[in-house]
Amino acid sequence: MIFDADVAGRSVRVEVKGGGGGRYTVELDGRSLEVLASGVGTGSMSLLVGRESHELGVEREGQGYRVAGRSGSVLVALSPAGRGALAVASRAAGPARLVAPMPGRIVRLLAVAGAEVAAGQGLLVIEAMKMENELRAPREGRLRELLVREGEAVEAGALLAVVG
């Protein structure tokens with residue numbers, strides 16, 4: 001999954017790959033890091049980045065997250081990278097398939113099969129790495145299929161919904 005993150009006024013491109021056993025490869029503006037993540041309670045997580053251990057508190061704040069560690073806290077706002085891709089997909093012919101960008105758990109369904117949806121409308125919320133991410137309709141149309149249910153675990157690349 002690729003995000004544009006605003007961290008204390010600085011924009012950073014973040015790409016997260018993997019997730020098996022809590023192991024991720026995270027690229028920050030092209031710099032690759034190996035990360036082992038585990039939850040240690042509600043709103044807390046432990047990260048092993050290379051050989052450095054970090055205990056973090058993470059809580060939702062407005063449209064982003066407040067991340068607190070030993071050296072203080074910072075507000076992090078995330079948005080899916082490449083929003084222009086939504087406009088291209090919305091003009092394409094045929095149904096659009098929404099797939100899981102990374103392994104996670106479906107925490108909320110925001111639409112029902114058969115409903116008319118607008119391009120960019122939230123369809124579901126997936127939790128990955130202790131963060132909730134709203135996945136949006138890639139184009140306008142009818143939500144033909146919603147293939148997951150709340151609480152279900154999904155693998156990266158799993159088909160979640162079809163809009164057409």
# chains A, B, ... in the order shown; residues from 1 in each chain; ligands from 1
$ select_by_dssp --residues "stretch 10-74 of chain A" --states "strand (DSSP E)" --output "ChimeraX atom specification"
/A:10-18,23-28,31-41,44-49,52-61,64-69,72-74
$ residues_around --residues "stretch 107-118 of chain A" --least-positions-apart "5" --cutoff "7 Å" --atoms "only C-alpha atoms" --output "PDB file with N, CA and C atoms, in the first residue's frame"
ATOM      1  N   LEU A 123     -16.018   2.678   0.748  1.00  0.00           N
ATOM      2  CA  LEU A 123     -16.726   1.401   0.641  1.00  0.00           C
ATOM      3  C   LEU A 123     -16.525   0.527   1.876  1.00  0.00           C
ATOM      4  N   LEU A 124     -15.299   0.559   2.433  1.00  0.00           N
ATOM      5  CA  LEU A 124     -15.002  -0.255   3.601  1.00  0.00           C
ATOM      6  C   LEU A 124     -13.774   0.290   4.298  1.00  0.00           C
ATOM      7  N   VAL A 125     -13.576  -0.163   5.518  1.00  0.00           N
ATOM      8  CA  VAL A 125     -12.403   0.229   6.305  1.00  0.00           C
ATOM      9  C   VAL A 125     -11.635  -1.041   6.634  1.00  0.00           C
ATOM     10  N   ILE A 126     -10.324  -1.019   6.344  1.00  0.00           N
ATOM     11  CA  ILE A 126      -9.456  -2.156   6.635  1.00  0.00           C
ATOM     12  C   ILE A 126      -8.412  -1.702   7.654  1.00  0.00           C
ATOM     13  N   GLU A 127      -8.139  -2.564   8.628  1.00  0.00           N
ATOM     14  CA  GLU A 127      -7.108  -2.276   9.618  1.00  0.00           C
ATOM     15  C   GLU A 127      -5.865  -3.067   9.249  1.00  0.00           C
ATOM     16  N   ALA A 137     -14.322   3.855  -3.574  1.00  0.00           N
ATOM     17  CA  ALA A 137     -14.720   3.412  -4.907  1.00  0.00           C
ATOM     18  C   ALA A 137     -13.792   4.027  -5.947  1.00  0.00           C
ATOM     19  N   ARG A 139     -14.386   4.286  -9.042  1.00  0.00           N
ATOM     20  CA  ARG A 139     -15.186   4.940 -10.077  1.00  0.00           C
ATOM     21  C   ARG A 139     -16.637   4.977  -9.616  1.00  0.00           C
ATOM     22  N   GLU A 140     -17.449   5.748 -10.296  1.00  0.00           N
ATOM     23  CA  GLU A 140     -18.868   5.754  -9.949  1.00  0.00           C
ATOM     24  C   GLU A 140     -19.551   4.570 -10.607  1.00  0.00           C
ATOM     25  N   GLY A 141     -20.655   4.154 -10.030  1.00  0.00           N
ATOM     26  CA  GLY A 141     -21.417   3.038 -10.587  1.00  0.00           C
ATOM     27  C   GLY A 141     -22.138   2.280  -9.491  1.00  0.00           C
ATOM     28  N   ARG A 142     -22.589   1.098  -9.823  1.00  0.00           N
ATOM     29  CA  ARG A 142     -23.284   0.244  -8.863  1.00  0.00           C
ATOM     30  C   ARG A 142     -22.249  -0.670  -8.196  1.00  0.00           C
ATOM     31  N   LEU A 143     -22.357  -0.813  -6.892  1.00  0.00           N
ATOM     32  CA  LEU A 143     -21.508  -1.747  -6.166  1.00  0.00           C
ATOM     33  C   LEU A 143     -22.045  -3.147  -6.457  1.00  0.00           C
ATOM     34  N   ARG A 144     -21.483  -3.787  -7.493  1.00  0.00           N
ATOM     35  CA  ARG A 144     -21.977  -5.093  -7.956  1.00  0.00           C
ATOM     36  C   ARG A 144     -21.774  -6.182  -6.924  1.00  0.00           C
ATOM     37  N   GLU A 145     -20.582  -6.186  -6.313  1.00  0.00           N
ATOM     38  CA  GLU A 145     -20.268  -7.232  -5.331  1.00  0.00           C
ATOM     39  C   GLU A 145     -19.484  -6.630  -4.186  1.00  0.00           C
ATOM     40  N   LEU A 146     -19.793  -7.055  -2.982  1.00  0.00           N
ATOM     41  CA  LEU A 146     -19.018  -6.755  -1.792  1.00  0.00           C
ATOM     42  C   LEU A 146     -18.677  -8.118  -1.216  1.00  0.00           C
ATOM     43  N   GLU A 150     -17.468  -7.778   7.917  1.00  0.00           N
ATOM     44  CA  GLU A 150     -16.748  -7.207   9.057  1.00  0.00           C
ATOM     45  C   GLU A 150     -16.100  -8.310   9.878  1.00  0.00           C
ATOM     46  N   GLY A 151     -14.871  -8.054  10.311  1.00  0.00           N
ATOM     47  CA  GLY A 151     -14.124  -9.014  11.114  1.00  0.00           C
ATOM     48  C   GLY A 151     -13.298  -9.986  10.310  1.00  0.00           C
TER      49      GLY A 151
END
$ residues_around --residues "stretch 73-76 of chain A" --least-positions-apart "4" --cutoff "8 Å" --atoms "only C-alpha atoms" --output "list in words"
Ala5, Asp6, Val7, Ala8, Glu61, Gly64, Tyr65, Arg66, Val67, Ala68 and Gly69 of chain A
$ write_last_selection --atoms "N, CA and C atoms" --output "mmCIF file, in the first residue's frame"
data_model
loop_
_atom_site.group_PDB
_atom_site.id
_atom_site.type_symbol
_atom_site.label_atom_id
_atom_site.label_comp_id
_atom_site.auth_asym_id
_atom_site.auth_seq_id
_atom_site.Cartn_x
_atom_site.Cartn_y
_atom_site.Cartn_z
ATOM 1 N N ALA A 5 2.226 10.783 3.321
ATOM 2 C CA ALA A 5 2.064 11.112 4.733
ATOM 3 C C ALA A 5 2.554 12.526 4.974
ATOM 4 N N ASP A 6 1.778 13.268 5.747
ATOM 5 C CA ASP A 6 2.203 14.586 6.189
ATOM 6 C C ASP A 6 2.574 14.424 7.658
ATOM 7 N N VAL A 7 3.865 14.593 7.963
ATOM 8 C CA VAL A 7 4.379 14.416 9.311
ATOM 9 C C VAL A 7 4.955 15.742 9.766
ATOM 10 N N ALA A 8 4.237 16.398 10.660
ATOM 11 C CA ALA A 8 4.686 17.693 11.187
ATOM 12 C C ALA A 8 5.010 18.672 10.059
ATOM 13 N N GLU A 61 -6.770 11.105 15.585
ATOM 14 C CA GLU A 61 -6.977 12.520 15.890
ATOM 15 C C GLU A 61 -7.385 13.239 14.607
ATOM 16 N N GLY A 64 -6.195 12.292 10.988
ATOM 17 C CA GLY A 64 -4.918 11.592 11.047
ATOM 18 C C GLY A 64 -4.755 10.813 12.337
ATOM 19 N N TYR A 65 -3.503 10.660 12.743
ATOM 20 C CA TYR A 65 -3.163 9.903 13.934
ATOM 21 C C TYR A 65 -2.144 10.685 14.753
ATOM 22 N N ARG A 66 -2.289 10.652 16.059
ATOM 23 C CA ARG A 66 -1.301 11.197 16.972
ATOM 24 C C ARG A 66 -0.407 10.032 17.355
ATOM 25 N N VAL A 67 0.893 10.141 17.048
ATOM 26 C CA VAL A 67 1.859 9.088 17.339
ATOM 27 C C VAL A 67 2.803 9.621 18.409
ATOM 28 N N ALA A 68 2.854 8.934 19.552
ATOM 29 C CA ALA A 68 3.681 9.376 20.672
ATOM 30 C C ALA A 68 4.754 8.348 20.974
ATOM 31 N N GLY A 69 5.965 8.841 21.174
ATOM 32 C CA GLY A 69 7.099 7.993 21.523
ATOM 33 C C GLY A 69 7.922 8.662 22.604
#
$ closest_residue --among "A:Ser11, A:Arg70, A:Asp29, A:Leu98" --to "A:Gly120" --atoms "only C-alpha atoms"
A:Leu98
$ residues_around --residues "A:Val148" --least-positions-apart "5" --cutoff "9 Å" --atoms "only C-alpha atoms" --output "VMD selection string"
chain A and resid 106 109 153 to 154 159 to 161
$ decode --residues "stretch 14-158 of chain A" --atoms "C-alpha atoms" --output "PDB file, in the first residue's frame"
ATOM      1  CA  VAL A  14       5.405   5.681   2.316  1.00  0.00           C
ATOM      2  CA  GLU A  15       5.142   2.235   0.736  1.00  0.00           C
ATOM      3  CA  VAL A  16       4.344  -0.760   2.939  1.00  0.00           C
ATOM      4  CA  LYS A  17       4.856  -4.336   1.716  1.00  0.00           C
ATOM      5  CA  GLY A  18       4.488  -7.699   3.401  1.00  0.00           C
ATOM      6  CA  GLY A  19       2.809  -8.233   6.724  1.00  0.00           C
ATOM      7  CA  GLY A  20       3.233 -11.948   7.296  1.00  0.00           C
ATOM      8  CA  GLY A  21       3.939 -12.442  11.003  1.00  0.00           C
ATOM      9  CA  GLY A  22       4.033  -8.682  11.521  1.00  0.00           C
ATOM     10  CA  ARG A  23       7.088  -8.294   9.254  1.00  0.00           C
ATOM     11  CA  TYR A  24       7.000  -5.403   6.799  1.00  0.00           C
ATOM     12  CA  THR A  25       9.265  -3.682   4.354  1.00  0.00           C
ATOM     13  CA  VAL A  26       8.587   0.035   4.613  1.00  0.00           C
ATOM     14  CA  GLU A  27       9.986   2.477   2.088  1.00  0.00           C
ATOM     15  CA  LEU A  28      10.151   6.114   3.172  1.00  0.00           C
ATOM     16  CA  ASP A  29      10.910   8.370   0.208  1.00  0.00           C
ATOM     17  CA  GLY A  30      12.810   5.467  -1.396  1.00  0.00           C
ATOM     18  CA  ARG A  31      14.751   4.438   1.759  1.00  0.00           C
ATOM     19  CA  SER A  32      13.974   0.808   2.648  1.00  0.00           C
ATOM     20  CA  LEU A  33      13.465  -0.318   6.266  1.00  0.00           C
ATOM     21  CA  GLU A  34      12.694  -3.766   7.664  1.00  0.00           C
ATOM     22  CA  VAL A  35      10.050  -3.466  10.380  1.00  0.00           C
ATOM     23  CA  LEU A  36       8.645  -5.995  12.836  1.00  0.00           C
ATOM     24  CA  ALA A  37       5.383  -4.664  14.316  1.00  0.00           C
ATOM     25  CA  SER A  38       3.238  -5.991  17.123  1.00  0.00           C
ATOM     26  CA  GLY A  39       0.354  -4.595  19.106  1.00  0.00           C
ATOM     27  CA  VAL A  40       0.899  -4.396  22.868  1.00  0.00           C
ATOM     28  CA  GLY A  41      -2.574  -3.201  23.803  1.00  0.00           C
ATOM     29  CA  THR A  42      -5.240  -0.825  22.609  1.00  0.00           C
ATOM     30  CA  GLY A  43      -3.559   2.173  21.039  1.00  0.00           C
ATOM     31  CA  SER A  44      -0.020   0.894  21.639  1.00  0.00           C
ATOM     32  CA  MET A  45       2.453  -0.860  19.416  1.00  0.00           C
ATOM     33  CA  SER A  46       6.006  -2.088  19.488  1.00  0.00           C
ATOM     34  CA  LEU A  47       8.221  -1.669  16.430  1.00  0.00           C
ATOM     35  CA  LEU A  48      11.609  -3.172  15.773  1.00  0.00           C
ATOM     36  CA  VAL A  49      13.180  -1.114  12.969  1.00  0.00           C
ATOM     37  CA  GLY A  50      16.483  -2.678  12.046  1.00  0.00           C
ATOM     38  CA  ARG A  51      18.040  -3.137  15.496  1.00  0.00           C
ATOM     39  CA  GLU A  52      16.181  -0.247  17.159  1.00  0.00           C
ATOM     40  CA  SER A  53      13.139  -0.862  19.345  1.00  0.00           C
ATOM     41  CA  HIS A  54      10.337   1.718  19.561  1.00  0.00           C
ATOM     42  CA  GLU A  55       7.284   1.709  21.820  1.00  0.00           C
ATOM     43  CA  LEU A  56       4.574   3.960  20.356  1.00  0.00           C
ATOM     44  CA  GLY A  57       1.153   5.148  21.335  1.00  0.00           C
ATOM     45  CA  VAL A  58      -1.142   5.644  18.343  1.00  0.00           C
ATOM     46  CA  GLU A  59      -4.570   7.239  18.487  1.00  0.00           C
ATOM     47  CA  ARG A  60      -6.939   8.722  15.953  1.00  0.00           C
ATOM     48  CA  GLU A  61      -6.977  12.520  15.890  1.00  0.00           C
ATOM     49  CA  GLY A  62      -9.127  14.329  13.332  1.00  0.00           C
ATOM     50  CA  GLN A  63      -8.250  13.024   9.866  1.00  0.00           C
ATOM     51  CA  GLY A  64      -4.918  11.592  11.047  1.00  0.00           C
ATOM     52  CA  TYR A  65      -3.163   9.903  13.934  1.00  0.00           C
ATOM     53  CA  ARG A  66      -1.301  11.197  16.972  1.00  0.00           C
ATOM     54  CA  VAL A  67       1.859   9.088  17.339  1.00  0.00           C
ATOM     55  CA  ALA A  68       3.681   9.376  20.672  1.00  0.00           C
ATOM     56  CA  GLY A  69       7.099   7.993  21.523  1.00  0.00           C
ATOM     57  CA  ARG A  70      10.003   8.703  23.876  1.00  0.00           C
ATOM     58  CA  SER A  71      10.923  11.949  22.136  1.00  0.00           C
ATOM     59  CA  GLY A  72       7.390  13.396  22.057  1.00  0.00           C
ATOM     60  CA  SER A  73       4.389  13.179  19.794  1.00  0.00           C
ATOM     61  CA  VAL A  74       3.593  14.128  16.222  1.00  0.00           C
ATOM     62  CA  LEU A  75       0.433  14.343  14.138  1.00  0.00           C
ATOM     63  CA  VAL A  76       0.543  12.121  11.040  1.00  0.00           C
ATOM     64  CA  ALA A  77      -2.008  12.564   8.234  1.00  0.00           C
ATOM     65  CA  LEU A  78      -2.202   9.773   5.636  1.00  0.00           C
ATOM     66  CA  SER A  79      -3.779   9.810   2.204  1.00  0.00           C
ATOM     67  CA  PRO A  80      -3.638   7.157  -0.510  1.00  0.00           C
ATOM     68  CA  ALA A  81      -0.954   8.089  -3.029  1.00  0.00           C
ATOM     69  CA  GLY A  82      -1.775   8.756  -6.657  1.00  0.00           C
ATOM     70  CA  ARG A  83      -5.252  10.218  -6.344  1.00  0.00           C
ATOM     71  CA  GLY A  84      -5.057  10.951 -10.070  1.00  0.00           C
ATOM     72  CA  ALA A  85      -5.385   7.212 -10.642  1.00  0.00           C
ATOM     73  CA  LEU A  86      -8.968   7.391  -9.375  1.00  0.00           C
ATOM     74  CA  ALA A  87      -9.926   9.755 -12.182  1.00  0.00           C
ATOM     75  CA  VAL A  88      -8.407   7.457 -14.801  1.00  0.00           C
ATOM     76  CA  ALA A  89     -10.156   4.393 -13.373  1.00  0.00           C
ATOM     77  CA  SER A  90     -13.511   6.179 -13.274  1.00  0.00           C
ATOM     78  CA  ARG A  91     -13.395   6.720 -17.056  1.00  0.00           C
ATOM     79  CA  ALA A  92     -12.388   3.145 -17.885  1.00  0.00           C
ATOM     80  CA  ALA A  93     -14.941   0.807 -19.441  1.00  0.00           C
ATOM     81  CA  GLY A  94     -16.134  -2.258 -17.571  1.00  0.00           C
ATOM     82  CA  PRO A  95     -16.217  -3.053 -13.878  1.00  0.00           C
ATOM     83  CA  ALA A  96     -13.525  -1.796 -11.506  1.00  0.00           C
ATOM     84  CA  ARG A  97     -12.098  -4.264  -8.999  1.00  0.00           C
ATOM     85  CA  LEU A  98     -11.094  -3.106  -5.502  1.00  0.00           C
ATOM     86  CA  VAL A  99      -8.368  -5.308  -4.012  1.00  0.00           C
ATOM     87  CA  ALA A 100      -6.704  -5.335  -0.597  1.00  0.00           C
ATOM     88  CA  PRO A 101      -3.508  -3.284  -0.815  1.00  0.00           C
ATOM     89  CA  MET A 102      -1.972  -5.227   2.094  1.00  0.00           C
ATOM     90  CA  PRO A 103      -2.936  -7.937   4.589  1.00  0.00           C
ATOM     91  CA  GLY A 104      -5.428  -6.754   7.191  1.00  0.00           C
ATOM     92  CA  ARG A 105      -8.818  -7.128   8.836  1.00  0.00           C
ATOM     93  CA  ILE A 106     -12.089  -5.613   7.630  1.00  0.00           C
ATOM     94  CA  VAL A 107     -13.392  -3.443  10.484  1.00  0.00           C
ATOM     95  CA  ARG A 108     -16.339  -1.649   8.849  1.00  0.00           C
ATOM     96  CA  LEU A 109     -18.464  -1.857   5.722  1.00  0.00           C
ATOM     97  CA  LEU A 110     -19.573   1.592   4.498  1.00  0.00           C
ATOM     98  CA  ALA A 111     -21.782   0.494   1.579  1.00  0.00           C
ATOM     99  CA  VAL A 112     -23.982  -2.440   0.602  1.00  0.00           C
ATOM    100  CA  ALA A 113     -23.987  -4.544  -2.544  1.00  0.00           C
ATOM    101  CA  GLY A 114     -26.376  -3.128  -5.127  1.00  0.00           C
ATOM    102  CA  ALA A 115     -25.992   0.492  -3.989  1.00  0.00           C
ATOM    103  CA  GLU A 116     -25.057   3.293  -6.377  1.00  0.00           C
ATOM    104  CA  VAL A 117     -21.681   4.751  -5.356  1.00  0.00           C
ATOM    105  CA  ALA A 118     -19.770   7.869  -6.375  1.00  0.00           C
ATOM    106  CA  ALA A 119     -16.104   7.868  -7.371  1.00  0.00           C
ATOM    107  CA  GLY A 120     -14.081   8.271  -4.187  1.00  0.00           C
ATOM    108  CA  GLN A 121     -16.939   7.216  -1.880  1.00  0.00           C
ATOM    109  CA  GLY A 122     -15.830   5.081   1.071  1.00  0.00           C
ATOM    110  CA  LEU A 123     -16.726   1.401   0.641  1.00  0.00           C
ATOM    111  CA  LEU A 124     -15.002  -0.255   3.601  1.00  0.00           C
ATOM    112  CA  VAL A 125     -12.403   0.229   6.305  1.00  0.00           C
ATOM    113  CA  ILE A 126      -9.456  -2.156   6.635  1.00  0.00           C
ATOM    114  CA  GLU A 127      -7.108  -2.276   9.618  1.00  0.00           C
ATOM    115  CA  ALA A 128      -3.456  -2.977   8.861  1.00  0.00           C
ATOM    116  CA  MET A 129      -0.464  -2.318  11.116  1.00  0.00           C
ATOM    117  CA  LYS A 130      -2.842  -1.005  13.820  1.00  0.00           C
ATOM    118  CA  MET A 131      -4.059   1.734  11.467  1.00  0.00           C
ATOM    119  CA  GLU A 132      -7.486   1.996   9.882  1.00  0.00           C
ATOM    120  CA  ASN A 133      -7.606   2.823   6.172  1.00  0.00           C
ATOM    121  CA  GLU A 134     -10.775   3.691   4.279  1.00  0.00           C
ATOM    122  CA  LEU A 135     -10.851   2.124   0.821  1.00  0.00           C
ATOM    123  CA  ARG A 136     -12.840   4.116  -1.707  1.00  0.00           C
ATOM    124  CA  ALA A 137     -14.720   3.412  -4.907  1.00  0.00           C
ATOM    125  CA  PRO A 138     -12.324   3.734  -7.857  1.00  0.00           C
ATOM    126  CA  ARG A 139     -15.186   4.940 -10.077  1.00  0.00           C
ATOM    127  CA  GLU A 140     -18.868   5.754  -9.949  1.00  0.00           C
ATOM    128  CA  GLY A 141     -21.417   3.038 -10.587  1.00  0.00           C
ATOM    129  CA  ARG A 142     -23.284   0.244  -8.863  1.00  0.00           C
ATOM    130  CA  LEU A 143     -21.508  -1.747  -6.166  1.00  0.00           C
ATOM    131  CA  ARG A 144     -21.977  -5.093  -7.956  1.00  0.00           C
ATOM    132  CA  GLU A 145     -20.268  -7.232  -5.331  1.00  0.00           C
ATOM    133  CA  LEU A 146     -19.018  -6.755  -1.792  1.00  0.00           C
ATOM    134  CA  LEU A 147     -17.035  -9.918  -1.150  1.00  0.00           C
ATOM    135  CA  VAL A 148     -16.012  -9.437   2.506  1.00  0.00           C
ATOM    136  CA  ARG A 149     -17.696  -9.057   5.878  1.00  0.00           C
ATOM    137  CA  GLU A 150     -16.748  -7.207   9.057  1.00  0.00           C
ATOM    138  CA  GLY A 151     -14.124  -9.014  11.114  1.00  0.00           C
ATOM    139  CA  GLU A 152     -12.789 -10.989   8.146  1.00  0.00           C
ATOM    140  CA  ALA A 153      -9.017 -11.240   7.657  1.00  0.00           C
ATOM    141  CA  VAL A 154      -7.798 -10.646   4.088  1.00  0.00           C
ATOM    142  CA  GLU A 155      -4.499 -11.154   2.307  1.00  0.00           C
ATOM    143  CA  ALA A 156      -2.821  -8.578   0.067  1.00  0.00           C
ATOM    144  CA  GLY A 157      -4.389  -8.680  -3.398  1.00  0.00           C
ATOM    145  CA  ALA A 158      -7.660 -10.264  -2.229  1.00  0.00           C
TER     146      ALA A 158
END
